[in-house]
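Each remark here refers to the structure printed beneath this line.
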Amino acid sequence: MKCRVCRGPAVIDIRRHNAGFCRDHFLVHCQEQVRRAIHDHRMVEPSDRIVVAVSGGKDSLALWDLLVGLEYEVDGLYLGLGIGGYSDESVRFVRDYAGARGLKLHEVDLQDDLGFTVPVAAEVTRRAPCGACGLSKRHVFNSFARDHGYDVVATGHNLDDEAAVLLGNVLRWETGYLGRQHPVLPAAPGFARKVKPLVRLGEREMAAYCVLQGIDYQVEECPMAEGNRHLGYKDVLNALEDRSPGSKASFLFGFLERAQPQFATVAVEERDDLGACSECGSPTTGDVCAFCRLRARASGISIDEAR
Amino acid sequence: MKILLRNPRRELEISGSCTVATLLQRLDLNPESVLVIVGDELVTRDARLDDTADVEIRPVISGGARP
């Protein structure tokens with residue numbers, strides 16, 4: 001297979017583009033896709049301070065690398081989840097990446113800073129660990145950005161992630177979630193702007209980007225993710241993609257162009273109903289936000305003591 | 001050829017030469033969900049793998065919680 005641009009030997013084929021790329025032109029392709037996503041969705045203004053949520057996985061480290069390559073000033077934020085050796089190894093990848101490039105990395109640790117870990121939260125609540133993990137990430141990334149003067153939180157959600165989430169939301173007709181599913185969630189009282197600059201790039205492209213750029217990342221799957229619903233959705237979508245390349249992109253981008261605006265008013269109404277959490281000030285529908293309730297249960301202390 | 005698979009990590013030996021596409025088919029792996037690395041090099045699905053190749057088949061699907 002030859003590179004679509006220079007006709008040299010290709011190192012990766014991307015069937016939805018019906019194209020192969022050599023190393024150099026693949027890296028240009030990734031950068032162009034991120035540049036286009038940022039431009040088309042007006043993700044970032046020139047004066048914005050950006051913090052990228054990094055986990056040690058391929059997507060978030062590739063995103064940090066791509067944003068720095070596009071000359072954005074962007075710092076990293078790592079959240080320690082307390083998942084034993086998996087978390088110990090993941091943070092090493094993040095520190096090594098940031099240290100080698102002289103980039104600023106912030107770290108928050110669920111156990112040290114907030115008094116619980118994801119495994120304990122899952123055990124106490126008797127719910128899937130991914131729920132406690134996602135809730136903690138959303139809360140910490142948003143509150144950290146708000147408290148430290150960052151305008152934008154960038155996350156490594158890629159095309160596959162977004163297509164899988166969309167499939168899940170459609171299967172259950174989650175109209176509020178469908179209204180909020182967009183590459184940009186604008187800033188609102190209590191919320192930093194959230195952007196997903198990798199939305200035009202697939203998961204396979206992100207892994208290839210890291211391999212080709214020499215970025216070491218956590219290859220192993222999180223030990224707590226077994227049975228995760230989104231992994232099943234990704235299998236289904238990849239089976240479709242194998243038979244009909246481009247299916248995932250048409251599903252997601254068709255939704256964003258033609259269907260998402262139909263649901264956006266539901267999301268705006270839900271957001272307008274939010275008040276401030278009496279504990280942490282974060283937006284919530286109740287008196288105390290879901291994260292503060294989780295933290296109180298998982299750390300075994302009362303809401304008042306958690307303050 | 002020696003094949004390294006991940007999640008869980010395990011090794012296989014397969015004899016003979018074949019293309020990447022054929023190898024993935026034999027292992028019942030969806031080409032959309034993996035990268036194939038020979039030595040330190042990424043290879044495309046039409047690449048031919050010789051009998052002595054050291055091949056890593058790296059999954060690219062990650063799940064779990066997203067912020």
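Identifiers in this document derive from the order of the structure tokens: chains are assigned A, B, ..., residues are numbered from 1 separately in each chain, and ligands are numbered from 1 in order of occurrence.
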
#### Entry: Contact residues (chain B, partner chain A, 10 Å, only C-alpha atoms) as a PyMOL selection string
chain B and resi 6-9+30-37+40-47+58-67

Hey, can you spit out that residue selection with N, CA and C atoms as a PDB file, in the first residue's frame?
ATOM      1  N   ARG B   6      -2.401  -8.842  23.431  1.00  0.00           N
ATOM      2  CA  ARG B   6      -2.588  -8.118  24.704  1.00  0.00           C
ATOM      3  C   ARG B   6      -4.026  -8.242  25.200  1.00  0.00           C
ATOM      4  N   ASN B   7      -4.159  -7.872  26.462  1.00  0.00           N
ATOM      5  CA  ASN B   7      -5.492  -7.803  27.107  1.00  0.00           C
ATOM      6  C   ASN B   7      -6.303  -9.095  26.982  1.00  0.00           C
ATOM      7  N   PRO B   8      -5.881 -10.200  27.554  1.00  0.00           N
ATOM      8  CA  PRO B   8      -4.691 -10.356  28.382  1.00  0.00           C
ATOM      9  C   PRO B   8      -3.442 -10.638  27.539  1.00  0.00           C
ATOM     10  N   ARG B   9      -2.281 -10.345  28.128  1.00  0.00           N
ATOM     11  CA  ARG B   9      -1.014 -10.530  27.419  1.00  0.00           C
ATOM     12  C   ARG B   9      -0.740 -12.023  27.249  1.00  0.00           C
ATOM     13  N   ASN B  30     -10.893  -8.306  14.360  1.00  0.00           N
ATOM     14  CA  ASN B  30     -11.385  -7.261  13.466  1.00  0.00           C
ATOM     15  C   ASN B  30     -10.244  -6.268  13.212  1.00  0.00           C
ATOM     16  N   PRO B  31      -9.853  -6.051  11.941  1.00  0.00           N
ATOM     17  CA  PRO B  31      -8.747  -5.123  11.651  1.00  0.00           C
ATOM     18  C   PRO B  31      -9.007  -3.704  12.154  1.00  0.00           C
ATOM     19  N   GLU B  32     -10.282  -3.359  12.374  1.00  0.00           N
ATOM     20  CA  GLU B  32     -10.593  -2.019  12.897  1.00  0.00           C
ATOM     21  C   GLU B  32     -10.194  -1.857  14.355  1.00  0.00           C
ATOM     22  N   SER B  33      -9.987  -2.984  15.039  1.00  0.00           N
ATOM     23  CA  SER B  33      -9.795  -2.885  16.487  1.00  0.00           C
ATOM     24  C   SER B  33      -8.356  -3.143  16.926  1.00  0.00           C
ATOM     25  N   VAL B  34      -7.433  -3.258  15.972  1.00  0.00           N
ATOM     26  CA  VAL B  34      -6.030  -3.529  16.343  1.00  0.00           C
ATOM     27  C   VAL B  34      -5.066  -2.762  15.440  1.00  0.00           C
ATOM     28  N   LEU B  35      -3.835  -2.625  15.957  1.00  0.00           N
ATOM     29  CA  LEU B  35      -2.690  -2.225  15.128  1.00  0.00           C
ATOM     30  C   LEU B  35      -1.783  -3.434  15.057  1.00  0.00           C
ATOM     31  N   VAL B  36      -1.081  -3.581  13.940  1.00  0.00           N
ATOM     32  CA  VAL B  36      -0.100  -4.653  13.832  1.00  0.00           C
ATOM     33  C   VAL B  36       1.281  -4.019  13.721  1.00  0.00           C
ATOM     34  N   ILE B  37       2.167  -4.454  14.616  1.00  0.00           N
ATOM     35  CA  ILE B  37       3.500  -3.867  14.713  1.00  0.00           C
ATOM     36  C   ILE B  37       4.521  -4.989  14.525  1.00  0.00           C
ATOM     37  N   ASP B  40       9.609  -2.541  15.382  1.00  0.00           N
ATOM     38  CA  ASP B  40       9.091  -1.252  15.861  1.00  0.00           C
ATOM     39  C   ASP B  40       8.222  -0.565  14.813  1.00  0.00           C
ATOM     40  N   GLU B  41       7.918  -1.278  13.747  1.00  0.00           N
ATOM     41  CA  GLU B  41       7.253  -0.630  12.611  1.00  0.00           C
ATOM     42  C   GLU B  41       5.782  -1.023  12.524  1.00  0.00           C
ATOM     43  N   LEU B  42       4.939  -0.024  12.253  1.00  0.00           N
ATOM     44  CA  LEU B  42       3.532  -0.313  11.948  1.00  0.00           C
ATOM     45  C   LEU B  42       3.448  -0.876  10.537  1.00  0.00           C
ATOM     46  N   VAL B  43       2.559  -1.840  10.346  1.00  0.00           N
ATOM     47  CA  VAL B  43       2.403  -2.377   8.988  1.00  0.00           C
ATOM     48  C   VAL B  43       0.928  -2.362   8.578  1.00  0.00           C
ATOM     49  N   THR B  44       0.705  -2.235   7.278  1.00  0.00           N
ATOM     50  CA  THR B  44      -0.665  -2.195   6.738  1.00  0.00           C
ATOM     51  C   THR B  44      -1.156  -3.618   6.473  1.00  0.00           C
ATOM     52  N   ARG B  45      -2.446  -3.757   6.195  1.00  0.00           N
ATOM     53  CA  ARG B  45      -3.012  -5.118   6.139  1.00  0.00           C
ATOM     54  C   ARG B  45      -2.562  -5.908   4.909  1.00  0.00           C
ATOM     55  N   ASP B  46      -1.982  -5.230   3.904  1.00  0.00           N
ATOM     56  CA  ASP B  46      -1.495  -5.984   2.739  1.00  0.00           C
ATOM     57  C   ASP B  46      -0.034  -6.419   2.915  1.00  0.00           C
ATOM     58  N   ALA B  47       0.608  -6.025   4.043  1.00  0.00           N
ATOM     59  CA  ALA B  47       2.025  -6.377   4.237  1.00  0.00           C
ATOM     60  C   ALA B  47       2.165  -7.890   4.435  1.00  0.00           C
ATOM     61  N   ARG B  58      -1.709  -5.167  18.708  1.00  0.00           N
ATOM     62  CA  ARG B  58      -2.047  -4.288  19.829  1.00  0.00           C
ATOM     63  C   ARG B  58      -3.500  -3.817  19.728  1.00  0.00           C
ATOM     64  N   PRO B  59      -4.302  -4.120  20.730  1.00  0.00           N
ATOM     65  CA  PRO B  59      -5.696  -3.649  20.683  1.00  0.00           C
ATOM     66  C   PRO B  59      -5.735  -2.126  20.809  1.00  0.00           C
ATOM     67  N   VAL B  60      -6.686  -1.514  20.148  1.00  0.00           N
ATOM     68  CA  VAL B  60      -6.763  -0.054  20.219  1.00  0.00           C
ATOM     69  C   VAL B  60      -8.052   0.413  20.895  1.00  0.00           C
ATOM     70  N   ILE B  61      -8.858  -0.547  21.293  1.00  0.00           N
ATOM     71  CA  ILE B  61     -10.153  -0.186  21.884  1.00  0.00           C
ATOM     72  C   ILE B  61      -9.981   0.039  23.382  1.00  0.00           C
ATOM     73  N   SER B  62     -10.370   1.205  23.839  1.00  0.00           N
ATOM     74  CA  SER B  62     -10.378   1.392  25.283  1.00  0.00           C
ATOM     75  C   SER B  62     -11.792   1.740  25.718  1.00  0.00           C
ATOM     76  N   GLY B  63     -12.125   1.288  26.889  1.00  0.00           N
ATOM     77  CA  GLY B  63     -13.493   1.516  27.364  1.00  0.00           C
ATOM     78  C   GLY B  63     -13.450   2.160  28.716  1.00  0.00           C
ATOM     79  N   GLY B  64     -14.390   1.778  29.545  1.00  0.00           N
ATOM     80  CA  GLY B  64     -14.408   2.322  30.893  1.00  0.00           C
ATOM     81  C   GLY B  64     -14.981   3.724  30.892  1.00  0.00           C
ATOM     82  N   ALA B  65     -14.713   4.412  32.000  1.00  0.00           N
ATOM     83  CA  ALA B  65     -15.351   5.704  32.214  1.00  0.00           C
ATOM     84  C   ALA B  65     -14.688   6.791  31.409  1.00  0.00           C
ATOM     85  N   ARG B  66     -15.484   7.669  30.898  1.00  0.00           N
ATOM     86  CA  ARG B  66     -14.978   8.868  30.211  1.00  0.00           C
ATOM     87  C   ARG B  66     -15.516  10.086  30.937  1.00  0.00           C
ATOM     88  N   PRO B  67     -14.688  11.130  31.042  1.00  0.00           N
ATOM     89  CA  PRO B  67     -15.186  12.301  31.755  1.00  0.00           C
ATOM     90  C   PRO B  67     -16.311  12.995  30.993  1.00  0.00           C
TER      91      PRO B  67
END

### Task
Tell me, as a VMD selection string, which residues lie within 12 Å of Gly281 of chain A, counting only C-alpha atoms; anything in the same chain fewer than 6 positions away does not count.
chain A and resid 139 142 to 143 146 to 147 189 to 191 274 to 275 287 to 292 307

Write to file, as a PDB file, in the first residue's frame, the residues of the selection just made, with N, CA and C atoms.
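part-v8.pdb, freshly written:
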ATOM      1  N   HIS A 139     -16.469  15.848  37.637  1.00  0.00           N
ATOM      2  CA  HIS A 139     -16.491  16.830  38.714  1.00  0.00           C
ATOM      3  C   HIS A 139     -15.114  17.466  38.900  1.00  0.00           C
ATOM      4  N   ASN A 142     -13.857  19.701  35.915  1.00  0.00           N
ATOM      5  CA  ASN A 142     -14.582  20.970  35.817  1.00  0.00           C
ATOM      6  C   ASN A 142     -14.240  21.891  36.987  1.00  0.00           C
ATOM      7  N   SER A 143     -14.238  21.363  38.209  1.00  0.00           N
ATOM      8  CA  SER A 143     -13.989  22.240  39.353  1.00  0.00           C
ATOM      9  C   SER A 143     -12.535  22.719  39.361  1.00  0.00           C
ATOM     10  N   ARG A 146     -12.330  25.554  36.845  1.00  0.00           N
ATOM     11  CA  ARG A 146     -13.017  26.733  37.395  1.00  0.00           C
ATOM     12  C   ARG A 146     -12.160  27.404  38.472  1.00  0.00           C
ATOM     13  N   ASP A 147     -11.562  26.594  39.357  1.00  0.00           N
ATOM     14  CA  ASP A 147     -10.816  27.149  40.490  1.00  0.00           C
ATOM     15  C   ASP A 147      -9.421  27.641  40.109  1.00  0.00           C
ATOM     16  N   PRO A 189     -22.693  29.158  33.818  1.00  0.00           N
ATOM     17  CA  PRO A 189     -22.369  29.383  35.224  1.00  0.00           C
ATOM     18  C   PRO A 189     -21.993  28.071  35.924  1.00  0.00           C
ATOM     19  N   GLY A 190     -20.793  28.016  36.475  1.00  0.00           N
ATOM     20  CA  GLY A 190     -20.309  26.812  37.167  1.00  0.00           C
ATOM     21  C   GLY A 190     -19.642  25.799  36.261  1.00  0.00           C
ATOM     22  N   PHE A 191     -19.707  25.996  34.951  1.00  0.00           N
ATOM     23  CA  PHE A 191     -19.121  25.043  33.999  1.00  0.00           C
ATOM     24  C   PHE A 191     -18.061  25.729  33.139  1.00  0.00           C
ATOM     25  N   LEU A 274     -30.598  24.081  36.818  1.00  0.00           N
ATOM     26  CA  LEU A 274     -29.569  23.720  37.789  1.00  0.00           C
ATOM     27  C   LEU A 274     -29.382  24.810  38.851  1.00  0.00           C
ATOM     28  N   GLY A 275     -29.133  24.355  40.086  1.00  0.00           N
ATOM     29  CA  GLY A 275     -28.747  25.271  41.149  1.00  0.00           C
ATOM     30  C   GLY A 275     -27.319  24.961  41.560  1.00  0.00           C
ATOM     31  N   ASP A 287     -30.005  19.585  46.204  1.00  0.00           N
ATOM     32  CA  ASP A 287     -29.322  20.439  47.175  1.00  0.00           C
ATOM     33  C   ASP A 287     -27.827  20.119  47.195  1.00  0.00           C
ATOM     34  N   VAL A 288     -27.529  18.810  47.168  1.00  0.00           N
ATOM     35  CA  VAL A 288     -26.130  18.358  47.194  1.00  0.00           C
ATOM     36  C   VAL A 288     -25.859  17.602  45.890  1.00  0.00           C
ATOM     37  N   CYS A 289     -24.705  17.893  45.244  1.00  0.00           N
ATOM     38  CA  CYS A 289     -24.453  17.287  43.926  1.00  0.00           C
ATOM     39  C   CYS A 289     -24.108  15.797  44.057  1.00  0.00           C
ATOM     40  N   ALA A 290     -24.210  15.087  42.942  1.00  0.00           N
ATOM     41  CA  ALA A 290     -23.981  13.640  42.940  1.00  0.00           C
ATOM     42  C   ALA A 290     -22.561  13.303  43.388  1.00  0.00           C
ATOM     43  N   PHE A 291     -21.590  14.145  43.029  1.00  0.00           N
ATOM     44  CA  PHE A 291     -20.216  13.849  43.429  1.00  0.00           C
ATOM     45  C   PHE A 291     -20.056  13.974  44.946  1.00  0.00           C
ATOM     46  N   CYS A 292     -20.601  15.003  45.544  1.00  0.00           N
ATOM     47  CA  CYS A 292     -20.465  15.168  47.009  1.00  0.00           C
ATOM     48  C   CYS A 292     -21.181  14.039  47.748  1.00  0.00           C
ATOM     49  N   ARG A 307     -16.909  18.579  54.073  1.00  0.00           N
ATOM     50  CA  ARG A 307     -16.668  19.965  53.665  1.00  0.00           C
ATOM     51  C   ARG A 307     -15.211  20.354  53.841  1.00  0.00           C
TER      52      ARG A 307
END

### Query
What residues in segment 48-251 of chain A get the DSSP label strand (DSSP E)? Please answer as a VMD selection string.
chain A and resid 50 to 54 74 to 80 105 to 109 152 to 154 184 to 185 193 to 195

Could you dump the residues just selected with C-alpha atoms as an mmCIF file, in the first residue's frame?
data_model
loop_
_atom_site.group_PDB
_atom_site.id
_atom_site.type_symbol
_atom_site.label_atom_id
_atom_site.label_comp_id
_atom_site.auth_asym_id
_atom_site.auth_seq_id
_atom_site.Cartn_x
_atom_site.Cartn_y
_atom_site.Cartn_z
ATOM 1 C CA ILE A 50 -6.587 25.195 28.168
ATOM 2 C CA VAL A 51 -6.193 22.225 30.463
ATOM 3 C CA VAL A 52 -6.172 18.742 28.936
ATOM 4 C CA ALA A 53 -7.443 15.823 31.022
ATOM 5 C CA VAL A 54 -4.747 13.133 30.766
ATOM 6 C CA VAL A 74 -2.007 23.752 27.270
ATOM 7 C CA ASP A 75 -1.332 22.221 30.679
ATOM 8 C CA GLY A 76 -2.168 18.665 31.762
ATOM 9 C CA LEU A 77 -4.387 17.464 34.593
ATOM 10 C CA TYR A 78 -4.159 13.897 35.881
ATOM 11 C CA LEU A 79 -6.664 12.406 38.316
ATOM 12 C CA GLY A 80 -5.389 9.490 40.425
ATOM 13 C CA LEU A 105 1.255 18.783 34.795
ATOM 14 C CA HIS A 106 -1.257 19.142 37.644
ATOM 15 C CA GLU A 107 -2.185 16.094 39.690
ATOM 16 C CA VAL A 108 -5.234 15.471 41.877
ATOM 17 C CA ASP A 109 -5.524 12.220 43.807
ATOM 18 C CA VAL A 152 -11.364 25.201 28.497
ATOM 19 C CA VAL A 153 -11.177 21.529 29.494
ATOM 20 C CA ALA A 154 -10.034 19.403 26.531
ATOM 21 C CA VAL A 184 -18.225 21.545 22.335
ATOM 22 C CA LEU A 185 -20.186 22.141 25.501
ATOM 23 C CA ARG A 193 -16.160 25.019 28.276
ATOM 24 C CA LYS A 194 -15.531 21.376 27.356
ATOM 25 C CA VAL A 195 -14.087 20.442 23.987
#

## Note on the structure
Correct to one decimal, the distance atom CA of Leu252 of chain A-atom CA of Arg36 of chain A is 16.1 Å

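A straight line drawn from atom CA of Glu174 of chain A to atom CA of Glu270 of chain A is 12.6 Å long.
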
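Excluding Cys18 of chain B itself and any same-chain residue fewer than 5 positions from it, the protein and nucleic acid residues within 9 Å of it, counting only C-alpha atoms, are B:Leu23, B:Ala47, B:Arg48, B:Leu49, B:Asp50, B:Asp51.
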
### Query
atom CA of Asp273 of chain A and atom CA of Ala163 of chain A are how many Å apart?
28.0 Å

### Task
Return as a list in words the full set of residues in chain B whose backbone-based DSSP assignment is alpha helix (DSSP H).
Val20, Ala21, Thr22, Leu23, Leu24, Gln25 and Arg26 of chain B
